[in-house]
Amino acid sequence: MSIYDMTINQLQQQLNDKNISSYELTKKYLARIEEIDPVIHAYITVTPEAALEAAKASDERRARGELIGDLDGIPMALKDIFCTDGILTTCASKILANFVPPYNATCWQRLADVGAVLLGKCNLDEFAMGSSTENSAYFATRNPFDIERTPGGSSGGSAAAVAADLAAYTLGTDTGGSVRQPAHYCGVVGIKPTYGLISRFGIIPYASSLDQAGVFAKNVYDCATVLEAVSGHDEKDSTSTPYPIGDYRGACQRDVKGMKIGMPKEFFEEGIDPRTIEIVKKAAEKFAAAGAEVIEVSLPHTKYALPAYYVLACAEASSNLARYDGVRYGVRVDKPTLEEIFCATRSAGFGEEVKRRILLGTYALSSGYYDAYYNKTLQVRTLIKEDYDKVFASGIDCLLTPVTPGPAFKLGEMLDDPLTMYMTDVCTVPINIAGLASMVVPFADIEGLPVGVQLIGAPFSEEKLFTAASAVEVPRRLPPDILKQAVEKGVER
Amino acid sequence: MTEFQTVIGLEFHAELKTKTKIFCSCPTTFAGEPNTHVCPVCLGLPGVLPVLNKRAVELAMKAGLALNCQISPFSKFDRKNYFYPDLPKAYQVTQYPLPICKSGYITVPDADGNEKNIRINRIHLEEDAGKLVHSGESITTSNYSLPDYNRAAVPLIEIVSEPDMASAEEAKAFGDKLKLILEYAGVSDVKMEQGSLRCDVNISLMPKGSDKLGTKVEIKNLNSFRAMHRAIQFEEDRQRRMIERGEKIVQETRTWDEGSGQTLSMRSKENDHDYRYFPEPDLVPTVITPEWIEAVRSELPELPDKREKRLKEECGLSYYDCAQIVATPALAFFFDEVAKIFDDKKTIANWLIGDVSRLINVAEKEYEQIPIAADDLAYLLEQAKSGAINNNSAKAVLEEMFASGKKPAEIISERGFAQISDSSALEEAVKAVIEANAKAAEDFRAGKQQAMGFLMGQVMKATKGQANPNLVKELLAKMLK
Ligand SMILES: [Zn+2]
């Protein structure tokens with residue numbers, strides 16, 4: 001077994017047995033990044049010096065018997081949307097091309113506090129707006145399973161990094177599916193926990209009422225380990241709840257027998273690839289075989305989720321991104337007057353998709369349109385939430401659905417067709433709108449491309465998700481040789 | 001000719017007296033080098049989040065209670081979006097549909113001297129912006145401007161009145177009263193010159209007796225109540241002339257130009273910002289329980305109206321004396337302190353309005369910094385009342401208390417101010433004066449009352465002013481019989 005393929009527990013075993021040090025392990029990861037990443041483009045910034053320093057400190061703790069926990073000395077990476085003290089944080093935007101924050105995002109601080117070794121910052125769609133990483137101002141990330149395809153988005157870099165063994169685990173963010181869709185496309189485990197479980201402090205916001213950090217890992221148990229480390233109330237984020245952190249690793253060992261798994265029929269209708277539907281049904285059979293009860297349920301307002309998402313997310317984004325005016329930090333285009341500075345800076349600094357969403361959101365909040373769009377959407381949001389409340393109140397433990405209509409699409413395929421691209425989020429956005437917990441587990445493949453299933457739970461029911469996910473989990477599939485792919489497909493490094 | 005009725009509504013912004021800003025722990029201290037009281041949160045750096053300052057909520061509640069408002073059990077924050085370099089996030093966090101306080105009032109005298117209630121529509125909590133420091137005299141003559149964010153996110157309350165005022169005098173009375181109440185409540189420094197209290201005016205005219213409001217004009221940039229008064233009078237006149245000429249009043253924002261003494265057009269309604277208000281997703285709603293309201297209410301001191309009434313009734317003070325004391329909260333609180341120990345309230349009032357105020361003015365001090373302790377003043381007044389020292393000595397002692405900070409007992413003994421009230425001790429002196437001034441003594445015996453004054457003066461001189469004058473008079477009368 002390759003060291004890159006090892007889970008967090010297996011790596012800790014190696015480190016404890018002195019088969020390898022954290023320093024050596026980190027060097028190996030850095031070497032692999034140097035070799036593979038010119039093809040995959042998972043990273044915007046790699047931080048070798050800081051990583052090796054952190055690894056050395058971890059080795060010293062280990063030698064002194066002062067190890068902090070299971071993540072101590074394990075190399076990982078962050079989506080470049082998490083603020084990192086002293087390390088460039090671009091959000092894949094030109095407007096933040098030079099932004100070095102003087103503070104850490106709380107969830108990164110929590111990992112740093114338990115000895116995590118940061119390898120670097122991963123690519124994303126600019127300001128997390130997109131489903132393919134093609135909206136990154138720097139470059140698109142490639143899917144390790146087929147480098148001509150997208151790893152998904154917006155956390156595509158983080159997902160690809162785990163899939164291609166360029167980090168042991170990574171953090172991403174999920175506003176409408178940005179962890180779950182790339183996890184599904186890249187064949188890794190991804191969780192978007194309940195809104196409020198992980199602090200949003202230091203995460204550059206896209207849509208504040210929907211944004212939530214999430215974890216990418218090689219298997220369900222690793223995902224549980226990391227989630228336990230990053231969760232919990234943060235006094236710097238008023239919307240982070242004081243809900244106690246669950247025993248997610250313990251939950252992975254529990255029996256799924258007797259659990260009630262709901263299959264919402266609205267998630268299996270037109271627009272979903274029949275092969276995807278077959279795969280989800282196979283997962284349902286696996287649950288049933290393990291003693292869970294599978295029940296068909298209905299979430300009648302599901303079809304309104306996607307339009308509601310675009311109104312809400314764009315409205316909040318139009319306000320959240322207004323601060324990038326070139327006055328205080330980031331890139332400024334100098335002009336003779338204030339208004340010209342604002343216009344020139346924002347015109348040059350933002351990409352097309354970001355501009356499109358700012359305009360949509362500004363329109364939705366404008367006087368005369370507010371009631372028809374924003375206010376109406378808040379009502380729709382309540383209806384969608386109530387759908388889920390009813391289903392969970394009826395005794396359903398978690399829901400099983402497809403993640404996206406199909407497997408990863410080709411890079412460039414949907415660039416001129418934003419509406420079709422938006423459709424890939426149709427199964428994931430309702431969860432953010434309703435503030436629920438959700439997880440994606442790789443389960444099968446279509447023509448060699450990974451396909452996962454989505455599990456959805458009531459707010460703060462992450463333990464149940466981990467029990468269900470462990471029951472349906474299959475052994476990790478490795479992507480085909482990436483360098484060989486590059487040669488075969490004529491992709492230059 | 002049609003007679004017109006002026007309709008005025010006021011909007012006040014008051015900076016709350018919290019130690020820290022509304023969403024971060026930066027100090028709110030006035031002044032300081034530019035951009036020294038800032039952090040990632042109040043600079044609006046990417047990814048930071050606001051955390052509501054509980055004290056700011058309490059001070060807003062306090063203001064609401066002092067202004068007879070209802071405190072909302074459930075309020076929330078909204079974002080007001082606009083671009084300006086002094087606004088770090090390009091939106092101001094404020095309260096739009098659900099403010100923290102609603103429906104209050106202030107009582108002011110109207111034109112006939114009767115009490116009139118001016119209603120308050122709402123009080124909402126919000127953050128202040130930073131300020132621009134211009135390279136030249138003004139923004140139009142500057143090559144560049146530099147933003148200073150020290151004031152950014154200092155907590156503010158906006159108090160919005162109903163259009164219940166009919167004249168510049170009523171508006172001024174409302175402003176004065178509001179300022180005083182906020183000062184008593186300890187909510188704000190209310191210093192217009194430092195910008196901790198700011199005021200905008202909404203004014204329109206309608207034919208007398210009509211109930212259909214005219215087109216309103218907003219006036220900004222009023223740096224004092226005097227400016228407000230002048231601006232209202234100017235605007236009343238301007239609008240009346242326009243209506244009389246048959247011209248239409250434009251709904252617009254005008255700015256007061258102190259130099260020329262007129263209001264100038266700033267922007268019309270059509271060019272108004274669309275602020276695109278929407279709920280602030282980074283903050284949770286503010287839930288206020290009845291217990292919390294009562295706890296905050298218990299922090300409120302006695303407010304001006306009630307206090308004035310009490311001073312009049314309990315202390316027998318004149319309207320003028322009451323108003324003088326009540327107008328200065330620090331003086332009124334000091335009065336209460338002294339009155340706890342010394343019970344002749346009329347005497348306290350006379351001293352506070354008289355010598356204490358004079359000495360504070362001479363020392364160019366604020367009433368907030370009265371340099372003497374209440375119990376020391378009470379002691380001094382007690383000494384004067386009991387006759388242990390005379391009135392002139394008491395004044396001299398007070399002066400020295402101000403100058404040196406010494407205790408009154410110490411000053412009295414050092415300067416030998418203690419009055420001689422022991423008749424056996426004085427008898428000698430009186431006897432000696434009578435002997436030395438036989439002529440005057442004769443005159444007195446012969447019925448010349450003026451001679452008494454001369455003899456008393458001689459005794460006072462001989463005792464260096466320490467003799468109790470009443471006792472001297474008594475002794476002289478006895479010995480000259
Ligand atoms: Zn601050």
# chains A, B, ... in the order shown; residues from 1 in each chain; ligands from 1

call {"tool": "closest_atom_pairs", "arguments": {"of": "chain B", "to": "ligand 1", "cutoff": "8 Å", "atoms": "only C-alpha atoms and all ligand atoms", "output": "tab-separated table"}}
result
residue	atom	partner	partner_atom_place_in_ligand_line	distance
B:Lys21	CA	ligand 1	1 (Zn)	6.7
B:Phe23	CA	ligand 1	1 (Zn)	7.3
B:Cys24	CA	ligand 1	1 (Zn)	4.7
B:Ser25	CA	ligand 1	1 (Zn)	5.7
B:Cys26	CA	ligand 1	1 (Zn)	4.3
B:Pro27	CA	ligand 1	1 (Zn)	7.7
B:His37	CA	ligand 1	1 (Zn)	6.6
B:Val38	CA	ligand 1	1 (Zn)	4.3
B:Cys39	CA	ligand 1	1 (Zn)	3.9
B:Pro40	CA	ligand 1	1 (Zn)	6.3
B:Val41	CA	ligand 1	1 (Zn)	5.1
B:Cys42	CA	ligand 1	1 (Zn)	4.1
B:Leu43	CA	ligand 1	1 (Zn)	6.8
B:Ala153	CA	ligand 1	1 (Zn)	7.5

call {"tool": "interface_residues", "arguments": {"of": "chain B", "to": "chain A", "cutoff": "8 Å", "atoms": "only C-alpha atoms", "output": "VMD selection string"}}
result
chain B and resid 40 44 46 to 51 81 83 85 88 to 91 274 to 278 281 to 284

call {"tool": "write_last_selection", "arguments": {"atoms": "N, CA, C and O atoms", "output": "compact mmCIF listing (two decimals), in the first residue's frame"}}
result
# COMPACT_ATOMS: atom_id res chain seq x y z
N PRO B 40 -9.42 43.82 12.05
CA PRO B 40 -9.99 43.25 10.82
C PRO B 40 -11.51 43.37 10.76
O PRO B 40 -12.08 43.55 9.68
N GLY B 44 -13.62 45.64 7.99
CA GLY B 44 -14.37 44.88 7.01
C GLY B 44 -13.50 44.02 6.11
O GLY B 44 -13.78 43.86 4.92
N PRO B 46 -12.00 40.60 4.41
CA PRO B 46 -12.79 39.46 3.95
C PRO B 46 -12.89 38.35 5.01
O PRO B 46 -11.89 37.99 5.61
N GLY B 47 -14.09 37.87 5.21
CA GLY B 47 -14.27 36.70 6.08
C GLY B 47 -14.54 36.99 7.53
O GLY B 47 -14.90 36.09 8.29
N VAL B 48 -14.38 38.24 7.97
CA VAL B 48 -14.62 38.53 9.38
C VAL B 48 -16.12 38.66 9.63
O VAL B 48 -16.89 38.88 8.70
N LEU B 49 -16.51 38.49 10.88
CA LEU B 49 -17.93 38.52 11.22
C LEU B 49 -18.18 39.44 12.41
O LEU B 49 -17.32 39.58 13.28
N PRO B 50 -19.36 40.06 12.44
CA PRO B 50 -19.70 40.94 13.56
C PRO B 50 -20.20 40.15 14.77
O PRO B 50 -20.85 39.11 14.61
N VAL B 51 -19.86 40.62 15.96
CA VAL B 51 -20.44 40.05 17.18
C VAL B 51 -21.04 41.23 17.95
O VAL B 51 -20.33 42.17 18.30
N ASN B 81 -27.04 49.13 1.86
CA ASN B 81 -25.93 49.02 0.91
C ASN B 81 -25.67 50.32 0.15
O ASN B 81 -26.57 50.85 -0.48
N PHE B 83 -21.97 52.49 -1.72
CA PHE B 83 -20.51 52.58 -1.85
C PHE B 83 -20.01 53.93 -1.37
O PHE B 83 -20.49 54.97 -1.83
N PRO B 85 -16.02 55.42 0.46
CA PRO B 85 -14.76 54.93 1.05
C PRO B 85 -14.75 54.91 2.58
O PRO B 85 -13.95 54.20 3.16
N PRO B 88 -16.45 50.68 5.38
CA PRO B 88 -15.52 49.59 5.03
C PRO B 88 -16.16 48.40 4.33
O PRO B 88 -15.55 47.78 3.48
N LYS B 89 -17.38 48.05 4.68
CA LYS B 89 -18.00 46.87 4.07
C LYS B 89 -18.86 47.23 2.87
O LYS B 89 -19.43 46.36 2.24
N ALA B 90 -18.97 48.52 2.59
CA ALA B 90 -19.88 49.02 1.56
C ALA B 90 -21.33 48.73 1.91
O ALA B 90 -22.21 48.72 1.06
N TYR B 91 -21.56 48.44 3.17
CA TYR B 91 -22.93 48.45 3.70
C TYR B 91 -22.85 48.82 5.17
O TYR B 91 -21.84 48.57 5.82
N ASP B 274 -30.66 53.83 -3.83
CA ASP B 274 -31.49 52.68 -3.52
C ASP B 274 -30.64 51.82 -2.60
O ASP B 274 -29.67 51.20 -3.03
N TYR B 275 -30.96 51.82 -1.32
CA TYR B 275 -30.07 51.18 -0.34
C TYR B 275 -30.18 49.66 -0.30
O TYR B 275 -29.41 49.00 0.38
N ARG B 276 -31.14 49.11 -1.01
CA ARG B 276 -31.29 47.65 -1.09
C ARG B 276 -31.17 46.98 0.28
O ARG B 276 -30.39 46.06 0.48
N TYR B 277 -31.96 47.46 1.21
CA TYR B 277 -31.98 46.86 2.56
C TYR B 277 -32.34 45.39 2.48
O TYR B 277 -33.22 45.00 1.72
N PHE B 278 -31.67 44.57 3.23
CA PHE B 278 -32.11 43.18 3.42
C PHE B 278 -31.54 42.68 4.74
O PHE B 278 -30.60 43.26 5.28
N PRO B 281 -27.41 38.64 7.39
CA PRO B 281 -27.36 37.22 7.69
C PRO B 281 -26.27 36.84 8.69
O PRO B 281 -26.26 35.71 9.19
N ASP B 282 -25.37 37.76 9.00
CA ASP B 282 -24.27 37.43 9.90
C ASP B 282 -24.62 37.61 11.38
O ASP B 282 -23.81 37.32 12.25
N LEU B 283 -25.82 38.14 11.65
CA LEU B 283 -26.22 38.34 13.04
C LEU B 283 -27.54 37.62 13.29
O LEU B 283 -28.37 37.52 12.40
N VAL B 284 -27.72 37.14 14.50
CA VAL B 284 -28.99 36.51 14.86
C VAL B 284 -29.91 37.60 15.43
O VAL B 284 -29.43 38.62 15.90

call {"tool": "residues_around", "arguments": {"residues": "segment 255-265 of chain B", "least_positions_apart": "5", "cutoff": "7 Å", "atoms": "only C-alpha atoms", "output": "PyMOL selection string"}}
result
chain B and resi 219-222+231+234

call {"tool": "residues_around", "arguments": {"residues": "Ala384 of chain B", "least_positions_apart": "6", "cutoff": "7 Å", "atoms": "only C-alpha atoms", "output": "VMD selection string"}}
result
chain B and resid 390 to 391 394

call {"tool": "residues_around", "arguments": {"residues": "Val187 of chain B", "least_positions_apart": "6", "cutoff": "6 Å", "atoms": "only C-alpha atoms", "output": "PyMOL selection string"}}
result
chain B and resi 16-17+59

call {"tool": "write_last_selection", "arguments": {"atoms": "N, CA and C atoms", "output": "PDB file, in the first residue's frame"}}
result
ATOM      1  N   LEU B  16     -23.328  56.012  21.070  1.00  0.00           N
ATOM      2  CA  LEU B  16     -23.530  55.417  22.386  1.00  0.00           C
ATOM      3  C   LEU B  16     -22.208  55.392  23.156  1.00  0.00           C
ATOM      4  N   LYS B  17     -22.344  55.530  24.476  1.00  0.00           N
ATOM      5  CA  LYS B  17     -21.159  55.617  25.344  1.00  0.00           C
ATOM      6  C   LYS B  17     -20.686  54.229  25.753  1.00  0.00           C
ATOM      7  N   LEU B  59     -27.699  50.149  26.110  1.00  0.00           N
ATOM      8  CA  LEU B  59     -27.784  51.616  26.070  1.00  0.00           C
ATOM      9  C   LEU B  59     -28.918  52.065  25.154  1.00  0.00           C
TER      10      LEU B  59
END

call {"tool": "atom_distance", "arguments": {"atom1": "atom CA of Glu33 of chain B", "atom2": "atom CA of Met192 of chain B"}}
result
21.1 Å

call {"tool": "select_by_dssp", "arguments": {"residues": "segment 98-264 of chain B", "states": "strand (DSSP E or B)", "output": "PyMOL selection string"}}
result
chain B and resi 101-109+115-127+131-134+145-148+155-161+165+188+197-207+217-222+252-257+262-264

call {"tool": "residues_around", "arguments": {"residues": "segment 213-225 of chain A", "least_positions_apart": "4", "cutoff": "8 Å", "atoms": "only C-alpha atoms", "output": "JSON, numbers by chain"}}
result
{"A": [7, 8, 9, 70, 158, 159, 162, 163, 168, 169, 170, 171, 172, 173, 174, 179, 183, 188, 189, 190, 191, 192, 193, 198, 199, 200, 229, 248, 249, 252, 441, 466, 469, 470, 473, 476]}

call {"tool": "residues_around", "arguments": {"residues": "segment 345-352 of chain A", "least_positions_apart": "4", "cutoff": "10 Å", "atoms": "only C-alpha atoms", "output": "PyMOL selection string"}}
result
chain A and resi 92-97+125-127+135-137+321-322+324-327+330-335+339-341+356-358

call {"tool": "atom_distance", "arguments": {"atom1": "atom CA of Asp343 of chain B", "atom2": "atom CA of Lys385 of chain B"}}
result
11.0 Å

call {"tool": "decode", "arguments": {"residues": "segment 410-424 of chain A", "atoms": "N, CA, C and O atoms", "output": "PDB file, in the first residue's frame"}}
result
ATOM      1  N   LYS A 410     -17.204  17.381 -19.172  1.00  0.00           N
ATOM      2  CA  LYS A 410     -15.914  17.786 -19.731  1.00  0.00           C
ATOM      3  C   LYS A 410     -15.651  19.263 -19.494  1.00  0.00           C
ATOM      4  O   LYS A 410     -16.573  20.080 -19.538  1.00  0.00           O
ATOM      5  N   LEU A 411     -14.387  19.583 -19.248  1.00  0.00           N
ATOM      6  CA  LEU A 411     -14.011  20.990 -19.104  1.00  0.00           C
ATOM      7  C   LEU A 411     -14.403  21.728 -20.379  1.00  0.00           C
ATOM      8  O   LEU A 411     -14.229  21.202 -21.485  1.00  0.00           O
ATOM      9  N   GLY A 412     -14.964  22.897 -20.222  1.00  0.00           N
ATOM     10  CA  GLY A 412     -15.357  23.705 -21.376  1.00  0.00           C
ATOM     11  C   GLY A 412     -16.738  23.380 -21.892  1.00  0.00           C
ATOM     12  O   GLY A 412     -17.340  24.183 -22.612  1.00  0.00           O
ATOM     13  N   GLU A 413     -17.267  22.204 -21.514  1.00  0.00           N
ATOM     14  CA  GLU A 413     -18.528  21.727 -22.081  1.00  0.00           C
ATOM     15  C   GLU A 413     -19.701  22.668 -21.774  1.00  0.00           C
ATOM     16  O   GLU A 413     -20.583  22.862 -22.601  1.00  0.00           O
ATOM     17  N   MET A 414     -19.709  23.237 -20.582  1.00  0.00           N
ATOM     18  CA  MET A 414     -20.876  24.031 -20.182  1.00  0.00           C
ATOM     19  C   MET A 414     -20.565  25.509 -19.995  1.00  0.00           C
ATOM     20  O   MET A 414     -21.393  26.260 -19.502  1.00  0.00           O
ATOM     21  N   LEU A 415     -19.366  25.906 -20.413  1.00  0.00           N
ATOM     22  CA  LEU A 415     -18.951  27.291 -20.151  1.00  0.00           C
ATOM     23  C   LEU A 415     -19.903  28.328 -20.734  1.00  0.00           C
ATOM     24  O   LEU A 415     -20.129  29.377 -20.154  1.00  0.00           O
ATOM     25  N   ASP A 416     -20.469  28.014 -21.920  1.00  0.00           N
ATOM     26  CA  ASP A 416     -21.355  28.981 -22.547  1.00  0.00           C
ATOM     27  C   ASP A 416     -22.810  28.748 -22.177  1.00  0.00           C
ATOM     28  O   ASP A 416     -23.710  29.336 -22.764  1.00  0.00           O
ATOM     29  N   ASP A 417     -23.024  27.878 -21.222  1.00  0.00           N
ATOM     30  CA  ASP A 417     -24.386  27.495 -20.900  1.00  0.00           C
ATOM     31  C   ASP A 417     -24.573  27.501 -19.383  1.00  0.00           C
ATOM     32  O   ASP A 417     -24.736  26.464 -18.758  1.00  0.00           O
ATOM     33  N   PRO A 418     -24.568  28.701 -18.801  1.00  0.00           N
ATOM     34  CA  PRO A 418     -24.618  28.765 -17.339  1.00  0.00           C
ATOM     35  C   PRO A 418     -25.859  28.081 -16.752  1.00  0.00           C
ATOM     36  O   PRO A 418     -25.787  27.481 -15.683  1.00  0.00           O
ATOM     37  N   LEU A 419     -26.984  28.134 -17.468  1.00  0.00           N
ATOM     38  CA  LEU A 419     -28.193  27.561 -16.886  1.00  0.00           C
ATOM     39  C   LEU A 419     -28.095  26.053 -16.716  1.00  0.00           C
ATOM     40  O   LEU A 419     -28.514  25.498 -15.704  1.00  0.00           O
ATOM     41  N   THR A 420     -27.506  25.357 -17.711  1.00  0.00           N
ATOM     42  CA  THR A 420     -27.304  23.906 -17.585  1.00  0.00           C
ATOM     43  C   THR A 420     -26.318  23.606 -16.459  1.00  0.00           C
ATOM     44  O   THR A 420     -26.484  22.666 -15.685  1.00  0.00           O
ATOM     45  N   MET A 421     -25.294  24.463 -16.362  1.00  0.00           N
ATOM     46  CA  MET A 421     -24.324  24.311 -15.282  1.00  0.00           C
ATOM     47  C   MET A 421     -25.029  24.469 -13.935  1.00  0.00           C
ATOM     48  O   MET A 421     -24.805  23.698 -13.008  1.00  0.00           O
ATOM     49  N   TYR A 422     -25.917  25.468 -13.831  1.00  0.00           N
ATOM     50  CA  TYR A 422     -26.660  25.670 -12.578  1.00  0.00           C
ATOM     51  C   TYR A 422     -27.462  24.422 -12.216  1.00  0.00           C
ATOM     52  O   TYR A 422     -27.629  24.088 -11.052  1.00  0.00           O
ATOM     53  N   MET A 423     -27.968  23.699 -13.258  1.00  0.00           N
ATOM     54  CA  MET A 423     -28.797  22.504 -13.021  1.00  0.00           C
ATOM     55  C   MET A 423     -28.048  21.405 -12.286  1.00  0.00           C
ATOM     56  O   MET A 423     -28.666  20.559 -11.649  1.00  0.00           O
ATOM     57  N   THR A 424     -26.709  21.403 -12.387  1.00  0.00           N
ATOM     58  CA  THR A 424     -25.962  20.338 -11.710  1.00  0.00           C
ATOM     59  C   THR A 424     -26.117  20.457 -10.187  1.00  0.00           C
ATOM     60  O   THR A 424     -25.830  19.541  -9.457  1.00  0.00           O
TER      61      THR A 424
END
